[in-house]
Structures are given as structure tokens and as C-alpha cells.
$ cat target.pdb   # PDB, C-alpha atoms
MODEL        1
ATOM      1  CA  MET K   1      34.439 -92.092 117.446
ATOM      2  CA  GLU K   2      38.185 -92.082 118.154
ATOM      3  CA  LYS K   3      37.982 -88.644 119.828
ATOM      4  CA  TRP K   4      35.156 -89.874 122.081
ATOM      5  CA  GLN K   5      37.298 -92.805 123.197
ATOM      6  CA  ASP K   6      40.101 -90.429 124.191
ATOM      7  CA  TYR K   7      37.872 -88.609 126.710
ATOM      8  CA  THR K   8      36.000 -91.469 128.334
ATOM      9  CA  ALA K   9      36.911 -94.388 130.518
ATOM     10  CA  GLY K  10      35.088 -97.374 129.145
ATOM     11  CA  LYS K  11      35.029-100.475 127.031
ATOM     12  CA  ARG K  12      33.885-100.913 123.470
ATOM     13  CA  ILE K  13      31.171-103.497 122.823
ATOM     14  CA  GLY K  14      30.310-103.696 119.172
ATOM     15  CA  CYS K  15      29.707-100.104 118.083
ATOM     16  CA  LYS K  16      28.447 -98.988 121.494
ATOM     17  CA  LYS K  17      30.544 -97.719 124.356
ATOM     18  CA  ILE K  18      29.778 -98.494 128.000
ATOM     19  CA  ILE K  19      31.168 -96.802 131.099
ATOM     20  CA  LEU K  20      32.767 -99.153 133.619
ATOM     21  CA  PRO K  21      31.917 -98.838 137.340
ATOM     22  CA  THR K  22      35.464 -97.753 138.273
ATOM     23  CA  ILE K  23      35.680 -94.014 137.695
ATOM     24  CA  ASN K  24      38.916 -92.227 136.890
ATOM     25  CA  ILE K  25      39.116 -88.980 138.923
ATOM     26  CA  ARG K  26      40.183 -86.903 135.897
ATOM     27  CA  TRP K  27      37.196 -88.235 133.987
ATOM     28  CA  LEU K  28      34.934 -87.410 136.946
ATOM     29  CA  VAL K  29      36.181 -83.806 137.053
ATOM     30  CA  PHE K  30      35.708 -83.463 133.283
ATOM     31  CA  PHE K  31      32.197 -84.951 133.430
ATOM     32  CA  TYR K  32      31.251 -82.842 136.463
ATOM     33  CA  ALA K  33      32.314 -79.643 134.687
ATOM     34  CA  PHE K  34      30.421 -80.774 131.569
ATOM     35  CA  LEU K  35      27.201 -81.326 133.541
ATOM     36  CA  LYS K  36      27.602 -78.033 135.391
ATOM     37  CA  ARG K  37      27.867 -76.180 132.068
ATOM     38  CA  ARG K  38      24.747 -77.947 130.811
ATOM     39  CA  GLY K  39      22.802 -76.914 133.941
ATOM     40  CA  GLU K  40      22.034 -80.493 135.023
ATOM     41  CA  LYS K  41      21.015 -81.111 138.633
ATOM     42  CA  LEU K  42      24.128 -81.890 140.667
ATOM     43  CA  LYS K  43      24.432 -83.256 144.182
ATOM     44  CA  LYS K  44      23.915 -80.531 146.787
ATOM     45  CA  ILE K  45      25.624 -82.205 149.738
ATOM     46  CA  LEU K  46      29.102 -83.679 150.114
ATOM     47  CA  ASP K  47      29.965 -86.114 152.879
ATOM     48  CA  ALA K  48      33.750 -85.795 152.605
ATOM     49  CA  CYS K  49      34.575 -88.822 154.790
ATOM     50  CA  CYS K  50      31.420 -90.933 154.859
ATOM     51  CA  GLY K  51      32.794 -94.151 156.362
ATOM     52  CA  SER K  52      29.891 -96.586 156.657
ATOM     53  CA  ARG K  53      27.324 -93.727 156.604
ATOM     54  CA  MET K  54      26.325 -94.513 160.212
ATOM     55  CA  PHE K  55      24.453 -91.327 161.083
ATOM     56  CA  TRP K  56      22.506 -90.936 157.821
ATOM     57  CA  PHE K  57      18.789 -91.735 158.031
ATOM     58  CA  ASP K  58      18.857 -92.448 154.277
ATOM     59  CA  ARG K  59      22.209 -94.003 153.368
ATOM     60  CA  THR K  60      21.369 -93.746 149.659
ATOM     61  CA  ASN K  61      20.155 -90.124 149.659
ATOM     62  CA  GLN K  62      20.370 -88.931 146.051
ATOM     63  CA  ASP K  63      21.253 -85.366 147.121
ATOM     64  CA  VAL K  64      24.463 -86.571 148.801
ATOM     65  CA  LEU K  65      27.795 -87.417 147.254
ATOM     66  CA  PHE K  66      29.382 -89.925 149.632
ATOM     67  CA  ALA K  67      33.204 -89.827 149.577
ATOM     68  CA  ASP K  68      35.954 -91.543 151.547
ATOM     69  CA  ASN K  69      39.619 -92.429 151.104
ATOM     70  CA  ARG K  70      39.012 -96.129 151.692
ATOM     71  CA  GLU K  71      36.778 -99.028 150.734
ATOM     72  CA  LEU K  72      36.201-101.848 153.168
ATOM     73  CA  GLU K  73      33.882-104.804 153.596
ATOM     74  CA  THR K  74      34.371-106.830 156.771
ATOM     75  CA  THR K  75      32.663-108.401 159.760
ATOM     76  CA  LEU K  76      33.219-106.782 163.154
ATOM     77  CA  CYS K  77      33.989-108.787 166.306
ATOM     78  CA  ASP K  78      30.300-108.738 167.343
ATOM     79  CA  GLY K  79      29.184-110.223 164.007
ATOM     80  CA  ARG K  80      27.887-106.997 162.419
ATOM     81  CA  GLU K  81      28.802-106.280 158.826
ATOM     82  CA  LEU K  82      30.806-103.116 158.138
ATOM     83  CA  LEU K  83      30.660-101.681 154.638
ATOM     84  CA  VAL K  84      32.614 -98.589 153.610
ATOM     85  CA  LYS K  85      31.680 -98.040 149.971
ATOM     86  CA  PRO K  86      31.871 -94.397 148.888
ATOM     87  CA  ASP K  87      30.481 -93.051 145.619
ATOM     88  CA  VAL K  88      33.911 -91.475 145.087
ATOM     89  CA  LYS K  89      37.180 -92.622 146.613
ATOM     90  CA  MET K  90      39.252 -89.518 147.401
ATOM     91  CA  ASP K  91      41.386 -87.739 149.976
ATOM     92  CA  PHE K  92      39.396 -84.992 151.746
ATOM     93  CA  ARG K  93      42.544 -82.817 151.733
ATOM     94  CA  ASP K  94      42.637 -82.684 147.919
ATOM     95  CA  MET K  95      39.152 -82.859 146.389
ATOM     96  CA  PRO K  96      38.550 -82.884 142.621
ATOM     97  CA  TYR K  97      35.792 -80.241 142.735
ATOM     98  CA  GLU K  98      35.647 -76.585 141.815
ATOM     99  CA  ASP K  99      35.444 -73.881 144.465
ATOM    100  CA  ASN K 100      31.938 -73.129 145.814
ATOM    101  CA  THR K 101      30.352 -76.376 144.571
ATOM    102  CA  PHE K 102      28.231 -77.733 147.467
ATOM    103  CA  LYS K 103      25.501 -76.174 149.621
ATOM    104  CA  VAL K 104      26.343 -78.433 152.584
ATOM    105  CA  VAL K 105      29.557 -80.289 153.417
ATOM    106  CA  VAL K 106      29.679 -82.918 156.164
ATOM    107  CA  PHE K 107      33.129 -83.360 157.699
ATOM    108  CA  ASP K 108      33.394 -86.366 160.035
ATOM    109  CA  PRO K 109      37.119 -87.232 159.957
ATOM    110  CA  PRO K 110      38.807 -89.968 161.977
ATOM    111  CA  HIS K 111      39.122 -88.906 165.610
ATOM    112  CA  LEU K 112      41.399 -91.585 167.051
ATOM    113  CA  LYS K 113      45.152 -91.067 167.511
ATOM    114  CA  SER K 114      45.643 -94.630 168.637
ATOM    115  CA  ALA K 115      43.784 -97.876 168.120
ATOM    116  CA  GLY K 116      44.993-101.346 167.270
ATOM    117  CA  THR K 117      45.798-101.576 163.548
ATOM    118  CA  GLY K 118      43.290-104.374 162.912
ATOM    119  CA  SER K 119      40.886-103.416 165.710
ATOM    120  CA  TRP K 120      37.193-102.851 165.095
ATOM    121  CA  LEU K 121      37.660 -99.197 166.156
ATOM    122  CA  ALA K 122      40.320 -98.667 163.470
ATOM    123  CA  LYS K 123      38.170-100.397 160.849
ATOM    124  CA  LYS K 124      35.029 -98.467 161.739
ATOM    125  CA  TYR K 125      36.438 -94.980 162.373
ATOM    126  CA  GLY K 126      39.926 -94.888 160.868
ATOM    127  CA  ILE K 127      43.052 -93.597 162.616
ATOM    128  CA  LEU K 128      44.604 -90.134 162.464
ATOM    129  CA  PRO K 129      48.209 -89.788 161.320
ATOM    130  CA  ASN K 130      50.882 -88.493 163.721
ATOM    131  CA  ASP K 131      50.612 -85.018 162.163
ATOM    132  CA  TRP K 132      46.876 -84.928 162.914
ATOM    133  CA  LYS K 133      46.800 -81.146 163.386
ATOM    134  CA  THR K 134      48.064 -80.457 159.856
ATOM    135  CA  TYR K 135      45.912 -83.284 158.474
ATOM    136  CA  LEU K 136      42.660 -81.966 159.982
ATOM    137  CA  LYS K 137      43.440 -78.323 159.127
ATOM    138  CA  ALA K 138      44.050 -79.273 155.471
ATOM    139  CA  GLY K 139      40.760 -81.211 155.422
ATOM    140  CA  PHE K 140      38.811 -78.354 156.989
ATOM    141  CA  ASP K 141      40.277 -75.816 154.551
ATOM    142  CA  GLU K 142      39.441 -78.042 151.582
ATOM    143  CA  CYS K 143      35.860 -78.555 152.832
ATOM    144  CA  MET K 144      35.462 -74.776 153.124
ATOM    145  CA  ARG K 145      36.873 -74.305 149.617
ATOM    146  CA  VAL K 146      34.260 -76.545 147.952
ATOM    147  CA  LEU K 147      31.446 -75.069 150.071
ATOM    148  CA  GLU K 148      29.254 -72.380 148.471
ATOM    149  CA  PRO K 149      29.201 -68.883 150.021
ATOM    150  CA  ASP K 150      26.683 -68.930 152.901
ATOM    151  CA  GLY K 151      26.903 -72.743 152.823
ATOM    152  CA  ILE K 152      26.942 -74.863 155.963
ATOM    153  CA  LEU K 153      29.774 -77.150 157.056
ATOM    154  CA  VAL K 154      28.646 -79.808 159.538
ATOM    155  CA  PHE K 155      31.598 -80.970 161.641
ATOM    156  CA  LYS K 156      31.305 -84.092 163.805
ATOM    157  CA  TRP K 157      33.947 -84.890 166.399
ATOM    158  CA  ASN K 158      34.419 -87.340 169.248
ATOM    159  CA  GLU K 159      36.507 -86.119 172.202
ATOM    160  CA  ASP K 160      37.619 -89.552 173.377
ATOM    161  CA  GLN K 161      41.313 -88.912 172.568
ATOM    162  CA  ILE K 162      41.538 -85.278 171.400
ATOM    163  CA  LYS K 163      39.543 -82.405 172.880
ATOM    164  CA  LEU K 164      37.301 -80.412 170.531
ATOM    165  CA  ASN K 165      38.931 -77.114 171.565
ATOM    166  CA  ASP K 166      42.331 -78.421 170.432
ATOM    167  CA  VAL K 167      40.890 -79.207 167.006
ATOM    168  CA  LEU K 168      39.019 -75.890 166.704
ATOM    169  CA  LYS K 169      42.256 -73.995 167.474
ATOM    170  CA  GLU K 170      43.782 -75.613 164.383
ATOM    171  CA  PHE K 171      40.844 -74.610 162.163
ATOM    172  CA  GLY K 172      41.223 -70.933 163.053
ATOM    173  CA  LYS K 173      37.539 -70.214 162.464
ATOM    174  CA  LYS K 174      34.875 -69.751 165.084
ATOM    175  CA  PRO K 175      31.879 -72.111 164.795
ATOM    176  CA  LEU K 176      28.373 -70.794 164.248
ATOM    177  CA  LEU K 177      26.764 -73.145 166.778
ATOM    178  CA  GLY K 178      26.942 -76.655 168.200
ATOM    179  CA  ASP K 179      26.149 -78.858 171.125
ATOM    180  CA  GLN K 180      28.196 -78.565 174.295
ATOM    181  CA  ARG K 181      27.676 -81.903 176.013
ATOM    182  CA  GLY K 182      28.865 -85.451 175.655
ATOM    183  CA  LYS K 183      31.903 -86.858 173.883
ATOM    184  CA  THR K 184      30.425 -86.762 170.386
ATOM    185  CA  ARG K 185      30.041 -83.170 169.246
ATOM    186  CA  TRP K 186      28.179 -81.632 166.302
ATOM    187  CA  ILE K 187      29.393 -78.194 165.214
ATOM    188  CA  LEU K 188      28.141 -75.940 162.392
ATOM    189  CA  PHE K 189      30.238 -73.462 160.458
ATOM    190  CA  MET K 190      28.983 -71.013 157.826
ATOM    191  CA  LYS K 191      31.141 -69.886 154.931
TER     192      LYS K 191
ENDMDL
END

$ encode --input "target.pdb" --output "C-alpha cells"
Amino acid sequence: MEKWQDYTAGKRIGCKKIILPTINIRWLVFFYAFLKRRGEKLKKILDACCGSRMFWFDRTNQDVLFADNRELETTLCDGRELLVKPDVKMDFRDMPYEDNTFKVVVFDPPHLKSAGTGSWLAKKYGILPNDWKTYLKAGFDECMRVLEPDGILVFKWNEDQIKLNDVLKEFGKKPLLGDQRGKTRWILFMK
């Protein structure tokens, strides 16, 4: 029983062990590798920066692993509730997954260079750091790393403050297809 306690994050109750809701990343990587070896069904889709899951028709889709680097529960200025509650809290530039893990990766990073620190825009969409080119390139590369060969990366971008072409130049990979109208753009890449 002592060995088991060394490898799990949990609390002892009597002679049974329970897993607490807060997950240690190292434990998650260990458990993920364990399940993969056992051939269990794993999530097929990664949303690397899910935010409040705004564009998902099913915000609890069991095939999707929802990830973000923040958690937030607040009320916006118009009275709507905003909930950012990822399954896994992580940085999309350094993901705890093996290469070639997911069939589909959704990459919808922050797209604003400037917004008031406490503004509803900052809360809802996040703000890019000053070195946004390096930041987005690192995120794109990491998304491609965890994507299976022939997998699809769905990239969503809003051109309000930074043009799509400026971002694509940083990625260094030509998209497969995408829409070519409006400020919000959907682009597909294939690995």
C-alpha cells in the first residue's frame, strides 16, 4: 500500500484511497501513459486553449480534452456569467502529452495585443504578451507535436488587432484551407 501512495495524488480514508479533484500534472502524465499502454479509450480531440468553450455545440463533449492556462468565474458587464474551467490547466507552449497523441487539435489562442487589464475583453479572450510572435509560434509548434500524423489542427483567429497573414508568417507552414472573409478566421492545417 505504501508504494501505491507514492504514485498517486490522493487522501486516505480508512483503508481506501480516493483521488482528489485537483490533478498534479506529473500524475496526469503517468496515468495517461498507463491508460495508453492498457489500450483504454483516450480523448481524441484537444482544445489547447478552450476559454469558456464558446464555439462548442456540446461544451461537455466526452471526446474533447478542454485545456487552458487559467480558471475564471466572473460576471461580465452585461450580466452574463463567464466560466473558464478547463479539464486540465496547462500552458499550450509546453503540454504534458506524448508526440502524436490527438487526432484533432483546436488552437484558439488570445488574439488581443491590448485591452484593459480588468476589461470584459481581457477576461473573455485573454491578452497576448509583448513577444506575441514567439508565443504563438511556440504554441503552434507544440500543437503540431501532439497531433497525430495526418491529423487536423483547427486554428481560429480574429484579425481585430493583428492580421492573419502576420500570424501565418510566424508559423512557417501553409494552411490546408480556411475561410477568407470577416475578422474571425477559421484555418485548417494537416500534419

$ residues_around --input "target.pdb" --residues "stretch 47-57 of chain K" --least-positions-apart "4" --cutoff "9 Å" --atoms "only C-alpha atoms" --output "VMD selection string"
chain K and resid 61 64 to 72 82 to 86 90 to 92 95 104 to 110 124 to 126 139 143

$ atom_distance --input "target.pdb" --atom1 "atom CA of K:Leu176" --atom2 "atom CA of K:Leu128"
25.3 Å

$ atom_distance --input "target.pdb" --atom1 "atom CA of K:Asp99" --atom2 "atom CA of K:Glu148"
7.5 Å

$ atom_distance --input "target.pdb" --atom1 "atom CA of K:Leu121" --atom2 "atom CA of K:Met144"
27.8 Å

$ resolve_selection --input "target.pdb" --expression "the PyMOL selection byres ((chain K and resi 150) around 6)" --output "number ranges by chain"
K: 149, 151, 190-191

$ resolve_selection --input "target.pdb" --expression "the PyMOL selection byres ((chain K and resi 112) around 7)" --output "ChimeraX atom specification"
/K:110-111,113-115,127-128,161

$ write_last_selection --input "target.pdb" --atoms "C-alpha atoms" --output "mmCIF file, in the coordinates of the input"
data_model
loop_
_atom_site.group_PDB
_atom_site.id
_atom_site.type_symbol
_atom_site.label_atom_id
_atom_site.label_comp_id
_atom_site.auth_asym_id
_atom_site.auth_seq_id
_atom_site.Cartn_x
_atom_site.Cartn_y
_atom_site.Cartn_z
ATOM 1 C CA PRO K 110 38.807 -89.968 161.977
ATOM 2 C CA HIS K 111 39.122 -88.906 165.610
ATOM 3 C CA LYS K 113 45.152 -91.067 167.511
ATOM 4 C CA SER K 114 45.643 -94.630 168.637
ATOM 5 C CA ALA K 115 43.784 -97.876 168.120
ATOM 6 C CA ILE K 127 43.052 -93.597 162.616
ATOM 7 C CA LEU K 128 44.604 -90.134 162.464
ATOM 8 C CA GLN K 161 41.313 -88.912 172.568
#

$ residues_around --input "target.pdb" --residues "K:Lys163" --least-positions-apart "5" --cutoff "10 Å" --atoms "all atoms listed in the file" --output "list in words"
His111, Trp157, Asn158, Leu168 and Lys183 of chain K

$ write_last_selection --input "target.pdb" --atoms "C-alpha atoms" --output "tab-separated table (two decimals), keeping the file's coordinate frame"
chain	number	residue	atom	x	y	z
K	111	HIS	CA	39.12	-88.91	165.61
K	157	TRP	CA	33.95	-84.89	166.40
K	158	ASN	CA	34.42	-87.34	169.25
K	168	LEU	CA	39.02	-75.89	166.70
K	183	LYS	CA	31.90	-86.86	173.88

$ resolve_selection --input "target.pdb" --expression "the PyMOL selection byres ((chain K and resi 187) around 7)" --output "VMD selection string"
chain K and resid 154 to 156 175 177 to 179 185 to 186 188 to 189

$ closest_residue --input "target.pdb" --among "K:Cys77, K:Leu153, K:Leu42, K:Leu136" --to "K:Gly118" --atoms "all atoms listed in the file"
K:Cys77

$ residues_near_point --input "target.pdb" --point "(23.2, -83.0, 143.7)" --cutoff "6 Å" --atoms "all atoms listed in the file" --output "ChimeraX atom specification"
/K:41-44,63

$ write_last_selection --input "target.pdb" --atoms "C-alpha atoms" --output "mmCIF file, in the frame of the given file"
data_model
loop_
_atom_site.group_PDB
_atom_site.id
_atom_site.type_symbol
_atom_site.label_atom_id
_atom_site.label_comp_id
_atom_site.auth_asym_id
_atom_site.auth_seq_id
_atom_site.Cartn_x
_atom_site.Cartn_y
_atom_site.Cartn_z
ATOM 1 C CA LYS K 41 21.015 -81.111 138.633
ATOM 2 C CA LEU K 42 24.128 -81.890 140.667
ATOM 3 C CA LYS K 43 24.432 -83.256 144.182
ATOM 4 C CA LYS K 44 23.915 -80.531 146.787
ATOM 5 C CA ASP K 63 21.253 -85.366 147.121
#

$ decode --input "target.pdb" --residues "stretch 142-174 of chain K" --atoms "N, CA, C and O atoms" --output "PDB file, in the first residue's frame"
ATOM      1  N   GLU K 142       3.898  23.332 -30.616  1.00  0.00           N
ATOM      2  CA  GLU K 142       3.517  22.345 -29.599  1.00  0.00           C
ATOM      3  C   GLU K 142       2.213  21.634 -29.997  1.00  0.00           C
ATOM      4  O   GLU K 142       2.074  20.420 -29.810  1.00  0.00           O
ATOM      5  N   CYS K 143       1.275  22.371 -30.571  1.00  0.00           N
ATOM      6  CA  CYS K 143       0.027  21.752 -31.054  1.00  0.00           C
ATOM      7  C   CYS K 143       0.337  20.743 -32.159  1.00  0.00           C
ATOM      8  O   CYS K 143      -0.242  19.644 -32.187  1.00  0.00           O
ATOM      9  N   MET K 144       1.241  21.085 -33.056  1.00  0.00           N
ATOM     10  CA  MET K 144       1.621  20.161 -34.128  1.00  0.00           C
ATOM     11  C   MET K 144       2.342  18.934 -33.564  1.00  0.00           C
ATOM     12  O   MET K 144       2.173  17.826 -34.063  1.00  0.00           O
ATOM     13  N   ARG K 145       3.118  19.112 -32.518  1.00  0.00           N
ATOM     14  CA  ARG K 145       3.842  17.994 -31.919  1.00  0.00           C
ATOM     15  C   ARG K 145       2.891  16.935 -31.358  1.00  0.00           C
ATOM     16  O   ARG K 145       3.084  15.745 -31.566  1.00  0.00           O
ATOM     17  N   VAL K 146       1.832  17.365 -30.668  1.00  0.00           N
ATOM     18  CA  VAL K 146       0.916  16.403 -30.041  1.00  0.00           C
ATOM     19  C   VAL K 146      -0.129  15.875 -31.023  1.00  0.00           C
ATOM     20  O   VAL K 146      -0.894  14.979 -30.691  1.00  0.00           O
ATOM     21  N   LEU K 147      -0.161  16.418 -32.229  1.00  0.00           N
ATOM     22  CA  LEU K 147      -1.104  15.996 -33.258  1.00  0.00           C
ATOM     23  C   LEU K 147      -0.588  14.742 -33.966  1.00  0.00           C
ATOM     24  O   LEU K 147       0.595  14.645 -34.276  1.00  0.00           O
ATOM     25  N   GLU K 148      -1.477  13.778 -34.199  1.00  0.00           N
ATOM     26  CA  GLU K 148      -1.108  12.554 -34.917  1.00  0.00           C
ATOM     27  C   GLU K 148      -0.727  12.876 -36.365  1.00  0.00           C
ATOM     28  O   GLU K 148      -1.214  13.855 -36.925  1.00  0.00           O
ATOM     29  N   PRO K 149       0.089  12.037 -37.007  1.00  0.00           N
ATOM     30  CA  PRO K 149       0.326  12.209 -38.446  1.00  0.00           C
ATOM     31  C   PRO K 149      -1.015  12.158 -39.191  1.00  0.00           C
ATOM     32  O   PRO K 149      -1.889  11.360 -38.841  1.00  0.00           O
ATOM     33  N   ASP K 150      -1.182  13.010 -40.159  1.00  0.00           N
ATOM     34  CA  ASP K 150      -2.429  13.176 -40.917  1.00  0.00           C
ATOM     35  C   ASP K 150      -3.558  13.766 -40.071  1.00  0.00           C
ATOM     36  O   ASP K 150      -4.705  13.804 -40.505  1.00  0.00           O
ATOM     37  N   GLY K 151      -3.232  14.228 -38.855  1.00  0.00           N
ATOM     38  CA  GLY K 151      -4.238  14.855 -38.001  1.00  0.00           C
ATOM     39  C   GLY K 151      -4.530  16.273 -38.456  1.00  0.00           C
ATOM     40  O   GLY K 151      -3.785  16.861 -39.250  1.00  0.00           O
ATOM     41  N   ILE K 152      -5.616  16.825 -37.946  1.00  0.00           N
ATOM     42  CA  ILE K 152      -6.054  18.163 -38.342  1.00  0.00           C
ATOM     43  C   ILE K 152      -5.910  19.128 -37.167  1.00  0.00           C
ATOM     44  O   ILE K 152      -6.364  18.849 -36.057  1.00  0.00           O
ATOM     45  N   LEU K 153      -5.272  20.270 -37.439  1.00  0.00           N
ATOM     46  CA  LEU K 153      -5.197  21.363 -36.479  1.00  0.00           C
ATOM     47  C   LEU K 153      -6.169  22.438 -36.944  1.00  0.00           C
ATOM     48  O   LEU K 153      -6.085  22.906 -38.080  1.00  0.00           O
ATOM     49  N   VAL K 154      -7.122  22.776 -36.087  1.00  0.00           N
ATOM     50  CA  VAL K 154      -8.097  23.827 -36.373  1.00  0.00           C
ATOM     51  C   VAL K 154      -7.605  25.088 -35.677  1.00  0.00           C
ATOM     52  O   VAL K 154      -7.479  25.116 -34.454  1.00  0.00           O
ATOM     53  N   PHE K 155      -7.292  26.113 -36.460  1.00  0.00           N
ATOM     54  CA  PHE K 155      -6.785  27.371 -35.914  1.00  0.00           C
ATOM     55  C   PHE K 155      -7.843  28.446 -36.091  1.00  0.00           C
ATOM     56  O   PHE K 155      -8.331  28.671 -37.189  1.00  0.00           O
ATOM     57  N   LYS K 156      -8.197  29.110 -34.982  1.00  0.00           N
ATOM     58  CA  LYS K 156      -9.172  30.203 -35.023  1.00  0.00           C
ATOM     59  C   LYS K 156      -8.453  31.491 -34.662  1.00  0.00           C
ATOM     60  O   LYS K 156      -7.684  31.531 -33.705  1.00  0.00           O
ATOM     61  N   TRP K 157      -8.702  32.526 -35.447  1.00  0.00           N
ATOM     62  CA  TRP K 157      -8.038  33.811 -35.224  1.00  0.00           C
ATOM     63  C   TRP K 157      -8.989  34.951 -35.511  1.00  0.00           C
ATOM     64  O   TRP K 157      -9.812  34.875 -36.420  1.00  0.00           O
ATOM     65  N   ASN K 158      -8.851  36.039 -34.757  1.00  0.00           N
ATOM     66  CA  ASN K 158      -9.606  37.252 -35.016  1.00  0.00           C
ATOM     67  C   ASN K 158      -8.624  38.357 -35.391  1.00  0.00           C
ATOM     68  O   ASN K 158      -7.661  38.609 -34.670  1.00  0.00           O
ATOM     69  N   GLU K 159      -8.868  39.010 -36.534  1.00  0.00           N
ATOM     70  CA  GLU K 159      -7.945  39.998 -37.086  1.00  0.00           C
ATOM     71  C   GLU K 159      -8.154  41.417 -36.557  1.00  0.00           C
ATOM     72  O   GLU K 159      -7.649  42.361 -37.142  1.00  0.00           O
ATOM     73  N   ASP K 160      -8.827  41.571 -35.459  1.00  0.00           N
ATOM     74  CA  ASP K 160      -9.116  42.903 -34.944  1.00  0.00           C
ATOM     75  C   ASP K 160      -7.849  43.720 -34.695  1.00  0.00           C
ATOM     76  O   ASP K 160      -7.806  44.906 -35.009  1.00  0.00           O
ATOM     77  N   GLN K 161      -6.797  43.092 -34.132  1.00  0.00           N
ATOM     78  CA  GLN K 161      -5.570  43.832 -33.816  1.00  0.00           C
ATOM     79  C   GLN K 161      -4.329  43.326 -34.556  1.00  0.00           C
ATOM     80  O   GLN K 161      -3.366  44.068 -34.704  1.00  0.00           O
ATOM     81  N   ILE K 162      -4.338  42.070 -34.982  1.00  0.00           N
ATOM     82  CA  ILE K 162      -3.201  41.503 -35.710  1.00  0.00           C
ATOM     83  C   ILE K 162      -3.744  40.758 -36.929  1.00  0.00           C
ATOM     84  O   ILE K 162      -4.633  39.919 -36.800  1.00  0.00           O
ATOM     85  N   LYS K 163      -3.214  41.058 -38.084  1.00  0.00           N
ATOM     86  CA  LYS K 163      -3.666  40.416 -39.319  1.00  0.00           C
ATOM     87  C   LYS K 163      -3.270  38.937 -39.353  1.00  0.00           C
ATOM     88  O   LYS K 163      -2.190  38.559 -38.890  1.00  0.00           O
ATOM     89  N   LEU K 164      -4.140  38.117 -39.919  1.00  0.00           N
ATOM     90  CA  LEU K 164      -3.903  36.679 -40.026  1.00  0.00           C
ATOM     91  C   LEU K 164      -2.591  36.388 -40.750  1.00  0.00           C
ATOM     92  O   LEU K 164      -1.819  35.521 -40.336  1.00  0.00           O
ATOM     93  N   ASN K 165      -2.308  37.099 -41.827  1.00  0.00           N
ATOM     94  CA  ASN K 165      -1.076  36.855 -42.591  1.00  0.00           C
ATOM     95  C   ASN K 165       0.179  37.054 -41.744  1.00  0.00           C
ATOM     96  O   ASN K 165       1.163  36.337 -41.909  1.00  0.00           O
ATOM     97  N   ASP K 166       0.139  38.009 -40.815  1.00  0.00           N
ATOM     98  CA  ASP K 166       1.281  38.226 -39.923  1.00  0.00           C
ATOM     99  C   ASP K 166       1.496  37.029 -39.000  1.00  0.00           C
ATOM    100  O   ASP K 166       2.628  36.658 -38.702  1.00  0.00           O
ATOM    101  N   VAL K 167       0.408  36.430 -38.564  1.00  0.00           N
ATOM    102  CA  VAL K 167       0.489  35.254 -37.692  1.00  0.00           C
ATOM    103  C   VAL K 167       0.963  34.040 -38.497  1.00  0.00           C
ATOM    104  O   VAL K 167       1.850  33.305 -38.058  1.00  0.00           O
ATOM    105  N   LEU K 168       0.399  33.838 -39.679  1.00  0.00           N
ATOM    106  CA  LEU K 168       0.775  32.688 -40.507  1.00  0.00           C
ATOM    107  C   LEU K 168       2.249  32.723 -40.893  1.00  0.00           C
ATOM    108  O   LEU K 168       2.888  31.673 -40.996  1.00  0.00           O
ATOM    109  N   LYS K 169       2.804  33.925 -41.100  1.00  0.00           N
ATOM    110  CA  LYS K 169       4.239  34.053 -41.399  1.00  0.00           C
ATOM    111  C   LYS K 169       5.064  33.456 -40.269  1.00  0.00           C
ATOM    112  O   LYS K 169       6.090  32.820 -40.506  1.00  0.00           O
ATOM    113  N   GLU K 170       4.619  33.666 -39.033  1.00  0.00           N
ATOM    114  CA  GLU K 170       5.357  33.150 -37.872  1.00  0.00           C
ATOM    115  C   GLU K 170       5.287  31.628 -37.810  1.00  0.00           C
ATOM    116  O   GLU K 170       6.232  30.979 -37.392  1.00  0.00           O
ATOM    117  N   PHE K 171       4.160  31.049 -38.200  1.00  0.00           N
ATOM    118  CA  PHE K 171       4.000  29.593 -38.139  1.00  0.00           C
ATOM    119  C   PHE K 171       4.919  28.879 -39.128  1.00  0.00           C
ATOM    120  O   PHE K 171       5.389  27.780 -38.863  1.00  0.00           O
ATOM    121  N   GLY K 172       5.147  29.490 -40.288  1.00  0.00           N
ATOM    122  CA  GLY K 172       6.037  28.882 -41.269  1.00  0.00           C
ATOM    123  C   GLY K 172       5.476  27.637 -41.932  1.00  0.00           C
ATOM    124  O   GLY K 172       6.215  26.828 -42.466  1.00  0.00           O
ATOM    125  N   LYS K 173       4.190  27.470 -41.905  1.00  0.00           N
ATOM    126  CA  LYS K 173       3.541  26.316 -42.543  1.00  0.00           C
ATOM    127  C   LYS K 173       2.301  26.819 -43.268  1.00  0.00           C
ATOM    128  O   LYS K 173       1.520  27.582 -42.713  1.00  0.00           O
ATOM    129  N   LYS K 174       2.134  26.365 -44.477  1.00  0.00           N
ATOM    130  CA  LYS K 174       0.994  26.796 -45.274  1.00  0.00           C
ATOM    131  C   LYS K 174      -0.269  26.052 -44.829  1.00  0.00           C
ATOM    132  O   LYS K 174      -0.253  24.828 -44.675  1.00  0.00           O
TER     133      LYS K 174
END
